[in-house]
Each structure stands twice: as C-alpha cells, then as structure tokens.
$ cat run34.txt   # compact mmCIF, N, CA and C atoms
# COMPACT_ATOMS: atom_id res chain seq x y z
N MET A 1 0.84 -1.18 0.00
CA MET A 1 0.00 0.00 0.00
C MET A 1 0.88 1.24 0.00
N ARG A 2 0.46 2.23 -0.74
CA ARG A 2 1.21 3.48 -0.77
C ARG A 2 0.96 4.25 0.51
N PRO A 3 1.98 4.76 1.13
CA PRO A 3 1.79 5.52 2.37
C PRO A 3 1.14 6.88 2.09
N GLY A 4 0.31 7.31 3.04
CA GLY A 4 -0.25 8.65 2.99
C GLY A 4 -1.54 8.80 2.21
N ILE A 5 -2.06 7.74 1.55
CA ILE A 5 -3.29 7.91 0.77
C ILE A 5 -4.48 7.17 1.38
N HIS A 6 -4.24 6.34 2.38
CA HIS A 6 -5.30 5.55 2.97
C HIS A 6 -5.74 6.15 4.30
N PRO A 7 -7.04 6.08 4.61
CA PRO A 7 -7.51 6.60 5.90
C PRO A 7 -7.02 5.72 7.04
N PRO A 8 -6.94 6.27 8.24
CA PRO A 8 -6.49 5.45 9.38
C PRO A 8 -7.47 4.32 9.67
N TYR A 9 -6.92 3.17 10.00
CA TYR A 9 -7.69 1.96 10.26
C TYR A 9 -7.49 1.59 11.72
N GLY A 10 -8.56 1.69 12.52
CA GLY A 10 -8.39 1.43 13.94
C GLY A 10 -9.65 0.91 14.58
N PRO A 11 -9.61 0.67 15.89
CA PRO A 11 -10.77 0.13 16.60
C PRO A 11 -11.91 1.14 16.68
N VAL A 12 -13.13 0.64 16.45
CA VAL A 12 -14.35 1.45 16.50
C VAL A 12 -15.45 0.58 17.09
N VAL A 13 -16.33 1.18 17.88
CA VAL A 13 -17.48 0.47 18.43
C VAL A 13 -18.71 0.85 17.61
N PHE A 14 -19.42 -0.15 17.11
CA PHE A 14 -20.69 0.06 16.43
C PHE A 14 -21.78 -0.30 17.42
N ARG A 15 -22.75 0.62 17.61
CA ARG A 15 -23.78 0.44 18.64
C ARG A 15 -25.17 0.52 18.01
N ASP A 16 -25.98 -0.50 18.28
CA ASP A 16 -27.38 -0.52 17.87
C ASP A 16 -28.20 -0.20 19.11
N LYS A 17 -28.67 1.04 19.21
CA LYS A 17 -29.39 1.47 20.41
C LYS A 17 -30.74 0.78 20.54
N ALA A 18 -31.39 0.45 19.43
CA ALA A 18 -32.71 -0.18 19.48
C ALA A 18 -32.64 -1.55 20.15
N ALA A 19 -31.55 -2.28 19.90
CA ALA A 19 -31.42 -3.63 20.45
C ALA A 19 -30.50 -3.66 21.67
N ASP A 20 -29.97 -2.50 22.07
CA ASP A 20 -29.03 -2.42 23.18
C ASP A 20 -27.88 -3.41 22.96
N PHE A 21 -27.24 -3.29 21.78
CA PHE A 21 -26.18 -4.20 21.37
C PHE A 21 -25.04 -3.38 20.80
N ALA A 22 -23.82 -3.73 21.15
CA ALA A 22 -22.65 -3.04 20.62
C ALA A 22 -21.53 -4.05 20.42
N PHE A 23 -20.68 -3.77 19.44
CA PHE A 23 -19.53 -4.64 19.21
C PHE A 23 -18.33 -3.81 18.78
N LEU A 24 -17.18 -4.28 19.15
CA LEU A 24 -15.92 -3.62 18.85
C LEU A 24 -15.28 -4.29 17.66
N THR A 25 -14.89 -3.50 16.68
CA THR A 25 -14.23 -4.03 15.49
C THR A 25 -13.25 -2.97 14.99
N ARG A 26 -12.61 -3.25 13.89
CA ARG A 26 -11.70 -2.27 13.29
C ARG A 26 -12.33 -1.74 12.02
N SER A 27 -12.17 -0.44 11.78
CA SER A 27 -12.80 0.19 10.63
C SER A 27 -12.07 1.49 10.30
N THR A 28 -12.32 2.00 9.09
CA THR A 28 -11.80 3.31 8.72
C THR A 28 -12.82 4.40 9.07
N ALA A 29 -14.03 4.01 9.47
CA ALA A 29 -15.06 4.98 9.87
C ALA A 29 -14.64 5.65 11.18
N THR A 30 -14.98 6.92 11.30
CA THR A 30 -14.62 7.66 12.51
C THR A 30 -15.85 8.38 13.05
N SER A 31 -15.74 8.84 14.28
CA SER A 31 -16.82 9.57 14.93
C SER A 31 -16.24 10.48 16.00
N ASP A 32 -16.96 11.57 16.27
CA ASP A 32 -16.54 12.47 17.34
C ASP A 32 -17.02 11.95 18.70
N LYS A 33 -18.05 11.10 18.70
CA LYS A 33 -18.56 10.53 19.95
C LYS A 33 -17.65 9.38 20.38
N THR A 34 -17.52 9.22 21.70
CA THR A 34 -16.70 8.14 22.23
C THR A 34 -17.48 7.35 23.27
N ILE A 35 -16.97 6.16 23.57
CA ILE A 35 -17.60 5.29 24.56
C ILE A 35 -16.50 4.60 25.35
N ASP A 36 -16.74 4.41 26.64
CA ASP A 36 -15.82 3.63 27.46
C ASP A 36 -16.20 2.17 27.31
N TRP A 37 -15.31 1.36 26.78
CA TRP A 37 -15.60 -0.03 26.47
C TRP A 37 -15.28 -0.92 27.66
N GLU A 38 -15.68 -2.18 27.58
CA GLU A 38 -15.52 -3.14 28.67
C GLU A 38 -14.08 -3.36 29.10
N ASP A 39 -13.14 -3.14 28.18
CA ASP A 39 -11.73 -3.35 28.51
C ASP A 39 -11.08 -2.14 29.17
N GLY A 40 -11.87 -1.08 29.42
CA GLY A 40 -11.36 0.10 30.11
C GLY A 40 -10.84 1.18 29.17
N ASN A 41 -10.78 0.90 27.87
CA ASN A 41 -10.31 1.88 26.90
C ASN A 41 -11.48 2.68 26.34
N THR A 42 -11.17 3.84 25.79
CA THR A 42 -12.16 4.69 25.16
C THR A 42 -12.01 4.60 23.66
N TYR A 43 -13.14 4.32 22.96
CA TYR A 43 -13.12 4.17 21.51
C TYR A 43 -14.18 5.07 20.89
N PRO A 44 -13.98 5.45 19.61
CA PRO A 44 -15.06 6.16 18.91
C PRO A 44 -16.25 5.23 18.73
N VAL A 45 -17.47 5.78 18.79
CA VAL A 45 -18.68 4.97 18.67
C VAL A 45 -19.52 5.49 17.51
N ILE A 46 -20.05 4.56 16.71
CA ILE A 46 -20.92 4.89 15.59
C ILE A 46 -22.25 4.21 15.85
N ASP A 47 -23.33 5.00 15.90
CA ASP A 47 -24.68 4.46 16.12
C ASP A 47 -25.26 4.00 14.79
N VAL A 48 -25.77 2.78 14.76
CA VAL A 48 -26.39 2.22 13.56
C VAL A 48 -27.86 1.91 13.85
N GLU A 49 -28.67 1.90 12.82
CA GLU A 49 -30.10 1.64 12.99
C GLU A 49 -30.41 0.16 13.02
N VAL A 50 -29.65 -0.65 12.28
CA VAL A 50 -29.92 -2.08 12.19
C VAL A 50 -28.61 -2.84 12.35
N SER A 51 -28.65 -3.88 13.16
CA SER A 51 -27.51 -4.77 13.31
C SER A 51 -28.02 -6.20 13.32
N SER A 52 -27.13 -7.14 13.52
CA SER A 52 -27.57 -8.54 13.57
C SER A 52 -28.48 -8.81 14.76
N ALA A 53 -28.45 -7.95 15.76
CA ALA A 53 -29.30 -8.13 16.94
C ALA A 53 -30.73 -7.64 16.71
N SER A 54 -30.93 -6.79 15.69
CA SER A 54 -32.27 -6.25 15.48
C SER A 54 -32.83 -6.52 14.09
N HIS A 55 -32.04 -7.07 13.17
CA HIS A 55 -32.53 -7.34 11.82
C HIS A 55 -33.41 -8.58 11.82
N PRO A 56 -34.59 -8.50 11.19
CA PRO A 56 -35.53 -9.63 11.22
C PRO A 56 -34.96 -10.93 10.68
N PHE A 57 -34.06 -10.88 9.71
CA PHE A 57 -33.48 -12.11 9.17
C PHE A 57 -32.69 -12.86 10.23
N TYR A 58 -31.91 -12.14 11.02
CA TYR A 58 -31.07 -12.77 12.03
C TYR A 58 -31.82 -13.11 13.30
N THR A 59 -32.89 -12.38 13.60
CA THR A 59 -33.64 -12.65 14.83
C THR A 59 -34.71 -13.71 14.63
N GLY A 60 -34.98 -14.11 13.38
CA GLY A 60 -35.97 -15.13 13.10
C GLY A 60 -37.39 -14.61 13.08
N GLN A 61 -37.56 -13.31 13.03
CA GLN A 61 -38.90 -12.72 13.02
C GLN A 61 -39.26 -12.14 11.66
N GLN A 62 -38.66 -12.71 10.61
CA GLN A 62 -38.96 -12.21 9.28
C GLN A 62 -40.35 -12.63 8.84
N ARG A 63 -40.94 -11.83 7.97
CA ARG A 63 -42.26 -12.14 7.45
C ARG A 63 -42.12 -13.10 6.29
N VAL A 64 -43.00 -14.07 6.22
CA VAL A 64 -43.01 -15.01 5.11
C VAL A 64 -44.01 -14.49 4.09
N LEU A 65 -43.54 -14.28 2.87
CA LEU A 65 -44.42 -13.76 1.83
C LEU A 65 -45.26 -14.89 1.25
N ASP A 66 -46.46 -14.57 0.90
CA ASP A 66 -47.37 -15.53 0.30
C ASP A 66 -47.10 -15.56 -1.21
N THR A 67 -46.06 -16.28 -1.61
CA THR A 67 -45.68 -16.29 -3.02
C THR A 67 -46.70 -17.03 -3.87
N ALA A 68 -47.32 -18.06 -3.34
CA ALA A 68 -48.33 -18.79 -4.11
C ALA A 68 -49.51 -17.87 -4.41
N GLY A 69 -49.94 -17.11 -3.45
CA GLY A 69 -51.03 -16.17 -3.67
C GLY A 69 -50.67 -15.10 -4.67
N ARG A 70 -49.45 -14.67 -4.69
CA ARG A 70 -49.00 -13.67 -5.65
C ARG A 70 -49.05 -14.22 -7.07
N VAL A 71 -48.60 -15.45 -7.24
CA VAL A 71 -48.61 -16.06 -8.57
C VAL A 71 -50.04 -16.22 -9.06
N GLU A 72 -50.92 -16.71 -8.20
CA GLU A 72 -52.33 -16.88 -8.59
C GLU A 72 -52.96 -15.54 -8.94
N ARG A 73 -52.68 -14.53 -8.18
CA ARG A 73 -53.24 -13.20 -8.46
C ARG A 73 -52.72 -12.67 -9.79
N PHE A 74 -51.44 -12.91 -10.08
CA PHE A 74 -50.86 -12.48 -11.35
C PHE A 74 -51.54 -13.20 -12.52
N GLU A 75 -51.75 -14.51 -12.37
CA GLU A 75 -52.37 -15.28 -13.46
C GLU A 75 -53.82 -14.87 -13.64
N ARG A 76 -54.54 -14.56 -12.57
CA ARG A 76 -55.92 -14.07 -12.69
C ARG A 76 -55.96 -12.72 -13.42
N ARG A 77 -55.03 -11.88 -13.06
CA ARG A 77 -55.02 -10.52 -13.61
C ARG A 77 -54.61 -10.51 -15.09
N TYR A 78 -53.58 -11.26 -15.44
CA TYR A 78 -53.02 -11.20 -16.78
C TYR A 78 -53.26 -12.47 -17.58
N GLY A 79 -53.98 -13.44 -17.06
CA GLY A 79 -54.30 -14.64 -17.79
C GLY A 79 -53.18 -15.66 -17.72
N GLY A 80 -53.58 -16.92 -17.81
CA GLY A 80 -52.60 -18.01 -17.74
C GLY A 80 -51.70 -18.05 -18.96
N GLY A 81 -52.23 -17.74 -20.13
CA GLY A 81 -51.43 -17.66 -21.33
C GLY A 81 -50.92 -18.99 -21.85
N ARG A 82 -51.23 -20.07 -21.24
CA ARG A 82 -50.70 -21.36 -21.70
C ARG A 82 -51.73 -22.13 -22.43
$ encode --input "run34.txt" --output "structure tokens"
Amino acid sequence: MRPGIHPPYGPVVFRDKAADFAFLTRSTATSDKTIDWEDGNTYPVIDVEVSSASHPFYTGQQRVLDTAGRVERFERRYGGGR
C-alpha cells in the first residue's frame, strides 16, 4: 500500500441502540462521539439503525411472503397464457 493515501484503520465500536447491542471491530469509519468499552479503553462509537441483533433475518422474526397467492393473483389478472 502506498503511504499517505489511505484513511487510518483502527478500533471502532458500532452500537445498535434499538437492540441495546454493541460490538468492537476495526474500521476506517470515525466519529466524534466516544464510549468507554468493557476493557477500560475509550473508543469512537458509531450508532447504527440495524444490526444482527435487530434485523428480522437474524432474529428469526422475518415475514413469510405468500408467493403462491401472488402467482395466482398475477395469473388471474393477466391470464394463464398457456
């Protein structure tokens, strides 16, 4: 990598306030807000709206679409054509 052209890469905490979930990782994203982490260090914190703790796919609360009903409605509306 060429020196001087890449943003700094360091530890950052991503926090999902809706699910009361946070995790520490490394990123080039930065923030002016900070948080005192479990290890006693202070890290920049980035608030996110959705994480694996609140996303319906990961929590198992996803909606199941009625695909059979959609197909039947489409065929009724536009004809079977076969």
$ axis_aligned_box --input "run34.txt" --around "region 13-17 of chain A" --padding-each-side "4 Å" --output "JSON"
{"center_x": -23.5, "center_y": 0.5, "center_z": 18.5, "size_x": 22.4, "size_y": 10.0, "size_z": 12.1}
$ atom_distance --input "run34.txt" --atom1 "atom C of Phe21 (chain A)" --atom2 "atom N of His6 (chain A)"
29.4 Å
$ closest_residue --input "run34.txt" --among "A:Val48, A:Gly4, A:Val13, A:Arg70" --to "Ile35 (chain A)" --atoms "all atoms listed in the file"
A:Val13
$ closest_residue --input "run34.txt" --among "A:Ala29, A:Val71, A:Ala22, A:Val45" --to "Pro8 (chain A)" --atoms "only N, CA and C atoms"
A:Ala29
